[in-house]
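Source file: structure_28.csv. Holds: CSV, N, CA and C atoms.
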chain,number,residue,atom,x,y,z
A,1,MET,N,-8.0,-22.8,15.5
A,1,MET,CA,-8.8,-22.2,16.6
A,1,MET,C,-8.4,-20.7,16.7
A,2,ILE,N,-9.3,-20.0,17.2
A,2,ILE,CA,-9.2,-18.5,17.3
A,2,ILE,C,-8.0,-18.2,18.2
A,3,ILE,N,-7.8,-19.0,19.3
A,3,ILE,CA,-6.8,-18.7,20.2
A,3,ILE,C,-5.4,-18.7,19.6
A,4,TYR,N,-5.2,-19.5,18.6
A,4,TYR,CA,-3.9,-19.5,17.9
A,4,TYR,C,-3.6,-18.1,17.2
A,5,GLY,N,-4.7,-17.5,16.7
A,5,GLY,CA,-4.5,-16.2,16.1
A,5,GLY,C,-4.1,-15.1,17.1
A,6,VAL,N,-4.8,-15.3,18.3
A,6,VAL,CA,-4.5,-14.3,19.4
A,6,VAL,C,-3.0,-14.6,19.9
A,7,ALA,N,-2.6,-15.9,19.9
A,7,ALA,CA,-1.3,-16.2,20.3
A,7,ALA,C,-0.2,-15.6,19.4
A,8,ALA,N,-0.5,-15.7,18.1
A,8,ALA,CA,0.4,-15.1,17.1
A,8,ALA,C,0.5,-13.6,17.3
A,9,LEU,N,-0.6,-12.9,17.6
A,9,LEU,CA,-0.6,-11.5,17.8
A,9,LEU,C,0.2,-11.2,19.1
A,10,ALA,N,0.0,-12.0,20.1
A,10,ALA,CA,0.8,-11.7,21.4
A,10,ALA,C,2.3,-12.0,21.2
A,11,ALA,N,2.6,-13.0,20.4
A,11,ALA,CA,4.1,-13.3,20.2
A,11,ALA,C,4.7,-12.2,19.4
A,12,CYS,N,4.0,-11.7,18.4
A,12,CYS,CA,4.5,-10.5,17.6
A,12,CYS,C,4.6,-9.3,18.4
A,13,HIS,N,3.7,-9.1,19.3
A,13,HIS,CA,3.8,-7.9,20.2
A,13,HIS,C,5.0,-8.0,21.1
A,14,LEU,N,5.2,-9.2,21.7
A,14,LEU,CA,6.3,-9.4,22.6
A,14,LEU,C,7.6,-9.2,21.8
A,15,ALA,N,7.7,-9.8,20.6
A,15,ALA,CA,8.9,-9.6,19.8
A,15,ALA,C,9.2,-8.1,19.4
A,16,GLY,N,8.1,-7.4,19.1
A,16,GLY,CA,8.2,-6.0,18.7
A,16,GLY,C,8.7,-5.2,19.9
A,17,VAL,N,8.1,-5.4,21.1
A,17,VAL,CA,8.6,-4.7,22.3
A,17,VAL,C,10.1,-4.9,22.5
A,18,ILE,N,10.5,-6.2,22.4
A,18,ILE,CA,11.9,-6.5,22.6
A,18,ILE,C,12.8,-5.8,21.6
A,19,LEU,N,12.4,-5.8,20.3
A,19,LEU,CA,13.1,-5.1,19.3
A,19,LEU,C,13.2,-3.6,19.5
A,20,GLY,N,12.0,-3.1,19.9
A,20,GLY,CA,12.0,-1.6,20.2
A,20,GLY,C,12.9,-1.2,21.3
A,21,ASP,N,12.9,-2.1,22.4
A,21,ASP,CA,13.8,-1.8,23.5
A,21,ASP,C,15.3,-1.9,23.1
A,22,LEU,N,15.6,-2.9,22.3
A,22,LEU,CA,17.0,-3.0,21.8
A,22,LEU,C,17.4,-1.8,21.0
A,23,LEU,N,16.5,-1.4,20.1
A,23,LEU,CA,16.8,-0.2,19.3
A,23,LEU,C,17.0,1.0,20.1
A,24,GLY,N,16.2,1.1,21.2
A,24,GLY,CA,16.3,2.3,22.1
A,24,GLY,C,17.7,2.2,22.8
A,25,VAL,N,18.1,1.1,23.2
A,25,VAL,CA,19.4,0.9,23.8
A,25,VAL,C,20.5,1.3,22.8
A,26,LEU,N,20.4,0.8,21.6
A,26,LEU,CA,21.4,1.1,20.6
A,26,LEU,C,21.5,2.5,20.3
A,27,LEU,N,20.4,3.2,20.3
A,27,LEU,CA,20.4,4.7,20.0
A,27,LEU,C,20.7,5.5,21.2
A,28,GLY,N,20.8,4.9,22.4
A,28,GLY,CA,21.1,5.6,23.6
A,28,GLY,C,19.9,6.4,24.1
A,29,VAL,N,18.7,5.9,23.8
A,29,VAL,CA,17.4,6.5,24.3
A,29,VAL,C,16.8,5.6,25.3
A,30,GLN,N,16.4,6.1,26.4
A,30,GLN,CA,15.8,5.3,27.4
A,30,GLN,C,14.3,5.1,27.2
A,31,SER,N,14.0,4.5,26.0
A,31,SER,CA,12.6,4.4,25.6
A,31,SER,C,12.5,3.3,24.6
A,32,ASN,N,11.3,2.8,24.4
A,32,ASN,CA,11.0,1.8,23.3
A,32,ASN,C,10.9,2.6,22.0
A,33,VAL,N,11.7,2.2,21.0
A,33,VAL,CA,11.7,3.0,19.8
A,33,VAL,C,11.1,2.1,18.7
A,34,GLY,N,9.8,2.3,18.3
A,34,GLY,CA,9.2,1.6,17.3
A,34,GLY,C,8.7,0.2,17.6
A,35,GLY,N,8.6,-0.1,18.8
A,35,GLY,CA,8.2,-1.5,19.2
A,35,GLY,C,6.9,-1.9,18.6
A,36,VAL,N,5.9,-1.1,18.7
A,36,VAL,CA,4.6,-1.4,18.2
A,36,VAL,C,4.6,-1.5,16.7
A,37,GLY,N,5.4,-0.7,16.0
A,37,GLY,CA,5.5,-0.8,14.6
A,37,GLY,C,6.2,-2.1,14.2
A,38,PHE,N,7.2,-2.5,14.9
A,38,PHE,CA,7.9,-3.8,14.6
A,38,PHE,C,6.8,-4.9,14.8
A,39,ALA,N,6.0,-4.8,15.9
A,39,ALA,CA,5.0,-5.8,16.1
A,39,ALA,C,4.0,-5.9,15.0
A,40,MET,N,3.6,-4.8,14.5
A,40,MET,CA,2.6,-4.9,13.4
A,40,MET,C,3.3,-5.4,12.1
A,41,LEU,N,4.5,-5.0,11.8
A,41,LEU,CA,5.2,-5.6,10.7
A,41,LEU,C,5.4,-7.1,10.8
A,42,LEU,N,5.8,-7.5,12.0
A,42,LEU,CA,6.0,-9.0,12.2
A,42,LEU,C,4.7,-9.7,12.1
A,43,LEU,N,3.6,-9.1,12.6
A,43,LEU,CA,2.3,-9.8,12.4
A,43,LEU,C,1.9,-9.9,11.0
A,44,ILE,N,2.1,-8.9,10.2
A,44,ILE,CA,1.8,-8.9,8.8
A,44,ILE,C,2.6,-9.9,8.0
A,45,LEU,N,3.9,-9.9,8.3
A,45,LEU,CA,4.8,-10.9,7.6
A,45,LEU,C,4.5,-12.3,8.1
A,46,LEU,N,4.2,-12.6,9.3
A,46,LEU,CA,3.9,-13.9,9.8
A,46,LEU,C,2.6,-14.4,9.3
A,47,THR,N,1.6,-13.6,9.3
A,47,THR,CA,0.3,-14.1,8.8
A,47,THR,C,0.3,-14.3,7.3
A,48,ASP,N,1.1,-13.5,6.6
A,48,ASP,CA,1.2,-13.6,5.1
A,48,ASP,C,1.9,-14.9,4.8
A,49,TRP,N,3.0,-15.2,5.5
A,49,TRP,CA,3.8,-16.4,5.3
A,49,TRP,C,2.9,-17.7,5.7
A,50,LEU,N,2.2,-17.6,6.8
A,50,LEU,CA,1.3,-18.7,7.2
A,50,LEU,C,0.2,-18.9,6.2
A,51,ARG,N,-0.3,-17.9,5.7
A,51,ARG,CA,-1.4,-18.0,4.7
A,51,ARG,C,-0.9,-18.6,3.4
A,52,ARG,N,0.3,-18.1,2.9
A,52,ARG,CA,0.9,-18.7,1.7
A,52,ARG,C,1.3,-20.1,1.8
A,53,THR,N,1.7,-20.5,3.0
A,53,THR,CA,2.1,-21.9,3.1
A,53,THR,C,0.9,-22.8,3.5
A,54,GLY,N,-0.2,-22.3,3.7
A,54,GLY,CA,-1.4,-23.1,4.0
A,54,GLY,C,-1.5,-23.5,5.5
A,55,ARG,N,-0.8,-22.8,6.4
A,55,ARG,CA,-0.7,-23.2,7.8
A,55,ARG,C,-1.6,-22.3,8.7
A,56,LEU,N,-2.4,-21.4,8.1
A,56,LEU,CA,-3.2,-20.5,8.9
A,56,LEU,C,-4.7,-20.9,8.6
A,57,PRO,N,-5.2,-21.7,9.6
A,57,PRO,CA,-6.6,-22.1,9.4
A,57,PRO,C,-7.5,-20.8,9.5
A,58,GLN,N,-8.7,-21.0,8.9
A,58,GLN,CA,-9.7,-19.8,8.9
A,58,GLN,C,-10.0,-19.3,10.3
A,59,ALA,N,-10.2,-20.2,11.2
A,59,ALA,CA,-10.5,-19.8,12.6
A,59,ALA,C,-9.4,-19.0,13.2
A,60,SER,N,-8.1,-19.4,13.0
A,60,SER,CA,-7.0,-18.6,13.5
A,60,SER,C,-6.9,-17.2,12.8
A,61,GLU,N,-7.2,-17.2,11.5
A,61,GLU,CA,-7.2,-15.9,10.8
A,61,GLU,C,-8.2,-15.0,11.4
A,62,GLN,N,-9.4,-15.5,11.8
A,62,GLN,CA,-10.4,-14.7,12.4
A,62,GLN,C,-9.9,-14.1,13.7
A,63,GLY,N,-9.2,-14.9,14.5
A,63,GLY,CA,-8.6,-14.4,15.7
A,63,GLY,C,-7.7,-13.2,15.5
A,64,VAL,N,-6.8,-13.3,14.5
A,64,VAL,CA,-5.9,-12.3,14.1
A,64,VAL,C,-6.7,-11.0,13.6
A,65,LEU,N,-7.7,-11.2,12.8
A,65,LEU,CA,-8.4,-10.1,12.2
A,65,LEU,C,-9.2,-9.4,13.3
A,66,PHE,N,-9.8,-10.2,14.3
A,66,PHE,CA,-10.5,-9.5,15.3
A,66,PHE,C,-9.7,-8.6,16.2
A,67,TRP,N,-8.5,-9.2,16.6
A,67,TRP,CA,-7.7,-8.4,17.5
A,67,TRP,C,-6.9,-7.3,16.7
A,68,SER,N,-6.7,-7.5,15.5
A,68,SER,CA,-6.1,-6.4,14.7
A,68,SER,C,-7.1,-5.2,14.5
A,69,ALA,N,-8.3,-5.6,14.4
A,69,ALA,CA,-9.4,-4.5,14.3
A,69,ALA,C,-9.5,-3.8,15.6
A,70,MET,N,-9.2,-4.4,16.7
A,70,MET,CA,-9.3,-3.8,18.0
A,70,MET,C,-8.0,-3.1,18.4
A,71,TYR,N,-6.9,-3.7,18.1
A,71,TYR,CA,-5.6,-3.3,18.5
A,71,TYR,C,-5.0,-2.1,17.8
A,72,ILE,N,-5.0,-2.2,16.5
A,72,ILE,CA,-4.3,-1.2,15.7
A,72,ILE,C,-4.9,0.2,15.9
A,73,PRO,N,-6.2,0.4,15.8
A,73,PRO,CA,-6.7,1.8,16.0
A,73,PRO,C,-6.3,2.4,17.4
A,74,ILE,N,-6.4,1.6,18.4
A,74,ILE,CA,-6.0,2.0,19.7
A,74,ILE,C,-4.5,2.4,19.8
A,75,VAL,N,-3.7,1.6,19.2
A,75,VAL,CA,-2.2,1.9,19.3
A,75,VAL,C,-1.9,3.2,18.4
A,76,VAL,N,-2.6,3.3,17.3
A,76,VAL,CA,-2.3,4.5,16.5
A,76,VAL,C,-2.8,5.7,17.2
A,77,ALA,N,-3.9,5.7,17.9
A,77,ALA,CA,-4.4,6.8,18.7
A,77,ALA,C,-3.4,7.2,19.8
A,78,MET,N,-2.9,6.1,20.5
A,78,MET,CA,-2.0,6.4,21.6
A,78,MET,C,-0.7,7.0,21.1
A,79,ALA,N,-0.2,6.5,20.0
A,79,ALA,CA,1.1,7.0,19.4
A,79,ALA,C,0.9,8.5,18.9
A,80,ALA,N,-0.3,8.7,18.3
A,80,ALA,CA,-0.5,10.1,17.8
A,80,ALA,C,-0.6,11.1,19.0
A,81,ARG,N,-1.2,10.6,20.1
A,81,ARG,CA,-1.3,11.5,21.2
A,81,ARG,C,0.1,11.8,21.8
A,82,GLN,N,0.9,10.8,21.9
A,82,GLN,CA,2.3,11.0,22.4
A,82,GLN,C,3.1,11.9,21.5
A,83,ASN,N,2.9,11.8,20.2
A,83,ASN,CA,3.7,12.6,19.3
A,83,ASN,C,3.2,14.1,19.4
A,84,VAL,N,1.9,14.3,19.6
A,84,VAL,CA,1.5,15.7,19.8
A,84,VAL,C,2.0,16.3,21.1
A,85,VAL,N,1.9,15.5,22.2
A,85,VAL,CA,2.4,16.0,23.4
A,85,VAL,C,3.9,16.3,23.3
A,86,ALA,N,4.7,15.5,22.7
A,86,ALA,CA,6.1,15.7,22.5
A,86,ALA,C,6.4,16.9,21.6
A,87,ALA,N,5.6,17.1,20.6
A,87,ALA,CA,5.8,18.2,19.7
A,87,ALA,C,5.5,19.5,20.4
A,88,LEU,N,4.4,19.5,21.2
A,88,LEU,CA,4.1,20.8,21.9
A,88,LEU,C,5.1,21.1,23.0
A,89,ALA,N,5.7,20.1,23.6
A,89,ALA,CA,6.7,20.3,24.6
A,89,ALA,C,8.1,20.7,23.9
A,90,GLY,N,8.3,20.3,22.7
A,90,GLY,CA,9.5,20.6,22.0
A,90,GLY,C,9.6,22.0,21.4
A,91,GLY,N,8.5,22.7,21.4
A,91,GLY,CA,8.6,24.1,20.9
A,91,GLY,C,8.1,24.2,19.5
A,92,PRO,N,8.2,25.4,18.9
A,92,PRO,CA,7.7,25.7,17.6
A,92,PRO,C,8.4,24.9,16.5
A,93,LEU,N,9.7,24.7,16.6
A,93,LEU,CA,10.5,24.0,15.6
A,93,LEU,C,9.9,22.6,15.4
A,94,ALA,N,9.7,21.9,16.5
A,94,ALA,CA,9.1,20.5,16.4
A,94,ALA,C,7.7,20.5,15.7
A,95,ILE,N,6.9,21.5,16.0
A,95,ILE,CA,5.6,21.6,15.4
A,95,ILE,C,5.7,21.9,13.9
A,96,MET,N,6.6,22.8,13.5
A,96,MET,CA,6.8,23.1,12.1
A,96,MET,C,7.3,21.9,11.4
A,97,VAL,N,8.2,21.1,12.0
A,97,VAL,CA,8.8,19.9,11.3
A,97,VAL,C,7.6,18.9,11.1
A,98,GLY,N,6.8,18.7,12.1
A,98,GLY,CA,5.7,17.8,12.0
A,98,GLY,C,4.7,18.2,11.0
A,99,ILE,N,4.4,19.5,10.9
A,99,ILE,CA,3.5,20.0,9.8
A,99,ILE,C,4.1,19.8,8.5
A,100,GLY,N,5.4,20.1,8.3
A,100,GLY,CA,6.1,19.9,7.1
A,100,GLY,C,6.1,18.4,6.6
A,101,ALA,N,6.4,17.5,7.5
A,101,ALA,CA,6.3,16.1,7.2
A,101,ALA,C,4.9,15.7,6.7
A,102,THR,N,3.9,16.2,7.4
A,102,THR,CA,2.6,15.8,7.0
A,102,THR,C,2.2,16.3,5.6
A,103,VAL,N,2.6,17.6,5.3
A,103,VAL,CA,2.3,18.2,4.0
A,103,VAL,C,3.1,17.4,2.9
A,104,ALA,N,4.3,17.0,3.2
A,104,ALA,CA,5.1,16.3,2.3
A,104,ALA,C,4.5,14.9,2.0
A,105,CYS,N,4.0,14.3,3.0
A,105,CYS,CA,3.3,13.0,2.8
A,105,CYS,C,2.1,13.1,1.9
A,106,TRP,N,1.3,14.2,2.2
A,106,TRP,CA,0.1,14.4,1.4
A,106,TRP,C,0.4,14.7,0.0
A,107,ALA,N,1.5,15.5,-0.2
A,107,ALA,CA,1.9,15.8,-1.6
A,107,ALA,C,2.4,14.6,-2.4
A,108,LEU,N,3.0,13.6,-1.7
A,108,LEU,CA,3.5,12.4,-2.3
A,108,LEU,C,2.5,11.3,-2.6
A,109,VAL,N,1.3,11.5,-2.1
A,109,VAL,CA,0.2,10.5,-2.4
A,109,VAL,C,0.0,10.3,-3.9
A,110,PRO,N,-0.2,11.4,-4.6
A,110,PRO,CA,-0.5,11.2,-6.1
A,110,PRO,C,0.7,10.6,-6.8
A,111,VAL,N,1.9,10.9,-6.3
A,111,VAL,CA,3.1,10.4,-7.0
A,111,VAL,C,3.2,8.9,-6.7
A,112,VAL,N,3.0,8.4,-5.5
A,112,VAL,CA,3.0,7.0,-5.2
A,112,VAL,C,1.9,6.3,-5.9
A,113,ALA,N,0.7,6.9,-6.0
A,113,ALA,CA,-0.4,6.3,-6.7
A,113,ALA,C,-0.2,6.0,-8.2
A,114,ARG,N,0.7,6.8,-8.8
A,114,ARG,CA,1.0,6.6,-10.2
A,114,ARG,C,2.1,5.5,-10.5
A,115,ILE,N,2.7,5.1,-9.4
A,115,ILE,CA,3.8,4.0,-9.6
A,115,ILE,C,3.1,2.7,-10.0
A,116,GLY,N,3.7,2.1,-11.0
A,116,GLY,CA,3.2,0.8,-11.5
A,116,GLY,C,2.2,0.9,-12.6
A,117,GLY,N,1.7,2.0,-13.0
A,117,GLY,CA,0.9,2.2,-14.1
A,117,GLY,C,-0.5,1.6,-13.9
A,118,GLN,N,-1.2,1.4,-15.0
A,118,GLN,CA,-2.6,0.9,-15.0
A,118,GLN,C,-2.6,-0.6,-15.3
A,119,ASP,N,-3.2,-1.4,-14.5
A,119,ASP,CA,-3.3,-2.8,-14.6
A,119,ASP,C,-4.8,-3.2,-14.8
A,120,GLU,N,-5.0,-4.4,-15.1
A,120,GLU,CA,-6.4,-4.9,-15.2
A,120,GLU,C,-6.9,-5.0,-13.7
A,121,PRO,N,-8.2,-4.7,-13.6
A,121,PRO,CA,-8.8,-4.8,-12.2
A,121,PRO,C,-8.8,-6.2,-11.8
A,122,LEU,N,-8.7,-6.4,-10.4
A,122,LEU,CA,-8.7,-7.7,-9.9
A,122,LEU,C,-10.1,-8.4,-10.2
A,123,PRO,N,-10.0,-9.8,-10.3
A,123,PRO,CA,-11.3,-10.5,-10.6
A,123,PRO,C,-12.1,-10.5,-9.3
A,124,PRO,N,-13.4,-10.6,-9.5
A,124,PRO,CA,-14.3,-10.7,-8.3
A,124,PRO,C,-14.0,-11.9,-7.4
A,125,LEU,N,-14.2,-11.8,-6.1
A,125,LEU,CA,-14.0,-12.9,-5.2
A,125,LEU,C,-15.0,-14.0,-5.5
A,126,THR,N,-14.5,-15.2,-5.4
A,126,THR,CA,-15.3,-16.4,-5.5
A,126,THR,C,-16.1,-16.6,-4.2
A,127,ALA,N,-17.0,-17.5,-4.2
A,127,ALA,CA,-17.8,-17.8,-3.0
A,127,ALA,C,-16.9,-18.4,-1.9
A,128,GLN,N,-15.8,-19.2,-2.3
A,128,GLN,CA,-14.9,-19.8,-1.4
A,128,GLN,C,-14.0,-18.7,-0.7
A,129,GLU,N,-13.6,-17.7,-1.5
A,129,GLU,CA,-12.8,-16.7,-0.9
A,129,GLU,C,-13.5,-15.7,-0.1
A,130,ALA,N,-14.8,-15.5,-0.3
A,130,ALA,CA,-15.5,-14.5,0.5
A,130,ALA,C,-15.9,-14.9,1.9
Written form, structure tokens:
Amino acid sequence: MIIYGVAALAACHLAGVILGDLLGVLLGVQSNVGGVGFAMLLLILLTDWLRRTGRLPQASEQGVLFWSAMYIPIVVAMAARQNVVAALAGGPLAIMVGIGATVACWALVPVVARIGGQDEPLPPLTAQEA
């Protein structure tokens, strides 16, 4: 059922928020540190494990896909907005570091793309997989 996919997303979100709060306490920051990122990673790992073990019915997978399509872009937009506000409040050094990190990531895209070499292309999807 689709509701099981939504329940998996909610459980991962709750676990991610708890982990983010714990990390914030360990770092001495009065904030959630990476909770949404933890939630996304947990959701990816959980759904992958369920899919590999055959425990994720198609309807439940559709629930996860629906909410991930709704949830992830909103969270990314909220996080990006918070980072920009913090960078502007932090002064020019914070802005320069942010720009430097972005440029470094762009520069590393071709390097990462070359890792692993050339392989055969994936076979086309069968009617059952599509």
Residue contacts of stretch 42-47 of chain A (12 Å, only C-alpha atoms) excluding same-chain residues fewer than 3 positions away, as a PyMOL selection string | chain A and resi 4-17+19+35-39+50-58+60-65+67-68+71-72
Determine the nearest neighbour of A:Gly34 from the options A:Asp21, A:Asp48, A:Asp119, A:Glu129, counting all atoms listed in the file.
->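 Checking each of A:Asp21, A:Asp48, A:Asp119, A:Glu129 against A:Gly34, counting all atoms listed in the file, the winner is A:Asp21.
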DSSP helix (DSSP H, G or I) selection over chain A, as a count of residues only = 100
Pairwise distance for atom N of A:Asn32 and atom C of A:Ile18, rounded to one decimal in Å |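 Computed distance, atom N of A:Asn32 to atom C of A:Ile18, equals 9.2 Å.
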Which value, in Å to one decimal, gives the distance between atom CA of A:Phe66 and atom CA of A:Ala127?
-> 21.4 Å
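You will find atom C of A:Met70 at 12.4 Å from atom N of A:Met40.
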Output stretch 48-58 of chain A as an mmCIF file, in the coordinates of the input, making sure all heavy atoms are there.
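So the final result, stored in selection-v4.cif, reads:
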data_model
loop_
_atom_site.group_PDB
_atom_site.id
_atom_site.type_symbol
_atom_site.label_atom_id
_atom_site.label_comp_id
_atom_site.auth_asym_id
_atom_site.auth_seq_id
_atom_site.Cartn_x
_atom_site.Cartn_y
_atom_site.Cartn_z
ATOM 1 N N ASP A 48 1.100 -13.500 6.600
ATOM 2 C CA ASP A 48 1.200 -13.600 5.100
ATOM 3 C C ASP A 48 1.900 -14.900 4.800
ATOM 4 O O ASP A 48 1.507 -15.702 3.958
ATOM 5 C CB ASP A 48 1.934 -12.446 4.517
ATOM 6 C CG ASP A 48 2.077 -12.586 3.015
ATOM 7 O OD1 ASP A 48 1.036 -12.726 2.339
ATOM 8 O OD2 ASP A 48 3.220 -12.578 2.521
ATOM 9 N N TRP A 49 3.000 -15.200 5.500
ATOM 10 C CA TRP A 49 3.800 -16.400 5.300
ATOM 11 C C TRP A 49 2.900 -17.700 5.700
ATOM 12 O O TRP A 49 2.891 -18.634 4.930
ATOM 13 C CB TRP A 49 5.042 -16.416 6.168
ATOM 14 C CG TRP A 49 5.826 -17.678 6.050
ATOM 15 C CD1 TRP A 49 6.599 -18.085 5.003
ATOM 16 C CD2 TRP A 49 5.899 -18.722 7.022
ATOM 17 N NE1 TRP A 49 7.150 -19.306 5.265
ATOM 18 C CE2 TRP A 49 6.732 -19.720 6.502
ATOM 19 C CE3 TRP A 49 5.342 -18.893 8.276
ATOM 20 C CZ2 TRP A 49 7.021 -20.887 7.201
ATOM 21 C CZ3 TRP A 49 5.635 -20.051 8.966
ATOM 22 C CH2 TRP A 49 6.462 -21.030 8.421
ATOM 23 N N LEU A 50 2.200 -17.600 6.800
ATOM 24 C CA LEU A 50 1.300 -18.700 7.200
ATOM 25 C C LEU A 50 0.200 -18.900 6.200
ATOM 26 O O LEU A 50 -0.105 -20.083 5.841
ATOM 27 C CB LEU A 50 0.746 -18.488 8.580
ATOM 28 C CG LEU A 50 1.714 -18.585 9.759
ATOM 29 C CD1 LEU A 50 1.025 -18.140 11.037
ATOM 30 C CD2 LEU A 50 2.254 -19.994 9.890
ATOM 31 N N ARG A 51 -0.300 -17.900 5.700
ATOM 32 C CA ARG A 51 -1.400 -18.000 4.700
ATOM 33 C C ARG A 51 -0.900 -18.600 3.400
ATOM 34 O O ARG A 51 -1.510 -19.439 2.769
ATOM 35 C CB ARG A 51 -2.016 -16.598 4.412
ATOM 36 C CG ARG A 51 -3.321 -16.645 3.656
ATOM 37 C CD ARG A 51 -3.950 -15.262 3.512
ATOM 38 N NE ARG A 51 -4.298 -14.715 4.817
ATOM 39 C CZ ARG A 51 -3.881 -13.541 5.273
ATOM 40 N NH1 ARG A 51 -3.107 -12.772 4.544
ATOM 41 N NH2 ARG A 51 -4.228 -13.111 6.464
ATOM 42 N N ARG A 52 0.300 -18.100 2.900
ATOM 43 C CA ARG A 52 0.900 -18.700 1.700
ATOM 44 C C ARG A 52 1.300 -20.100 1.800
ATOM 45 O O ARG A 52 1.183 -20.844 0.792
ATOM 46 C CB ARG A 52 2.100 -17.818 1.241
ATOM 47 C CG ARG A 52 1.734 -16.503 0.590
ATOM 48 C CD ARG A 52 2.938 -15.778 0.006
ATOM 49 N NE ARG A 52 3.762 -15.217 1.085
ATOM 50 C CZ ARG A 52 5.015 -15.583 1.337
ATOM 51 N NH1 ARG A 52 5.615 -16.473 0.605
ATOM 52 N NH2 ARG A 52 5.692 -15.030 2.331
ATOM 53 N N THR A 53 1.700 -20.500 3.000
ATOM 54 C CA THR A 53 2.100 -21.900 3.100
ATOM 55 C C THR A 53 0.900 -22.800 3.500
ATOM 56 O O THR A 53 1.143 -24.041 3.723
ATOM 57 C CB THR A 53 3.245 -22.062 4.158
ATOM 58 O OG1 THR A 53 2.790 -21.528 5.413
ATOM 59 C CG2 THR A 53 4.490 -21.346 3.685
ATOM 60 N N GLY A 54 -0.200 -22.300 3.700
ATOM 61 C CA GLY A 54 -1.400 -23.100 4.000
ATOM 62 C C GLY A 54 -1.500 -23.500 5.500
ATOM 63 O O GLY A 54 -2.142 -24.460 5.836
ATOM 64 N N ARG A 55 -0.800 -22.800 6.400
ATOM 65 C CA ARG A 55 -0.700 -23.200 7.800
ATOM 66 C C ARG A 55 -1.600 -22.300 8.700
ATOM 67 O O ARG A 55 -1.487 -22.355 9.880
ATOM 68 C CB ARG A 55 0.725 -23.085 8.275
ATOM 69 C CG ARG A 55 1.632 -24.067 7.590
ATOM 70 C CD ARG A 55 3.027 -23.945 8.113
ATOM 71 N NE ARG A 55 3.902 -24.849 7.378
ATOM 72 C CZ ARG A 55 5.199 -24.823 7.457
ATOM 73 N NH1 ARG A 55 5.796 -23.951 8.233
ATOM 74 N NH2 ARG A 55 5.927 -25.667 6.762
ATOM 75 N N LEU A 56 -2.400 -21.400 8.100
ATOM 76 C CA LEU A 56 -3.200 -20.500 8.900
ATOM 77 C C LEU A 56 -4.700 -20.900 8.600
ATOM 78 O O LEU A 56 -5.291 -20.498 7.654
ATOM 79 C CB LEU A 56 -2.984 -19.041 8.436
ATOM 80 C CG LEU A 56 -3.685 -17.989 9.272
ATOM 81 C CD1 LEU A 56 -3.132 -17.986 10.693
ATOM 82 C CD2 LEU A 56 -3.502 -16.613 8.655
ATOM 83 N N PRO A 57 -5.200 -21.700 9.600
ATOM 84 C CA PRO A 57 -6.600 -22.100 9.400
ATOM 85 C C PRO A 57 -7.500 -20.800 9.500
ATOM 86 O O PRO A 57 -7.177 -19.784 10.024
ATOM 87 C CB PRO A 57 -6.892 -22.968 10.618
ATOM 88 C CG PRO A 57 -5.556 -23.336 11.150
ATOM 89 C CD PRO A 57 -4.610 -22.254 10.735
ATOM 90 N N GLN A 58 -8.700 -21.000 8.900
ATOM 91 C CA GLN A 58 -9.700 -19.800 8.900
ATOM 92 C C GLN A 58 -10.000 -19.300 10.300
ATOM 93 O O GLN A 58 -10.081 -18.110 10.459
ATOM 94 C CB GLN A 58 -10.961 -20.300 8.150
ATOM 95 C CG GLN A 58 -11.986 -19.208 7.973
ATOM 96 C CD GLN A 58 -11.537 -18.125 7.010
ATOM 97 O OE1 GLN A 58 -10.724 -18.369 6.136
ATOM 98 N NE2 GLN A 58 -12.045 -16.928 7.175
#
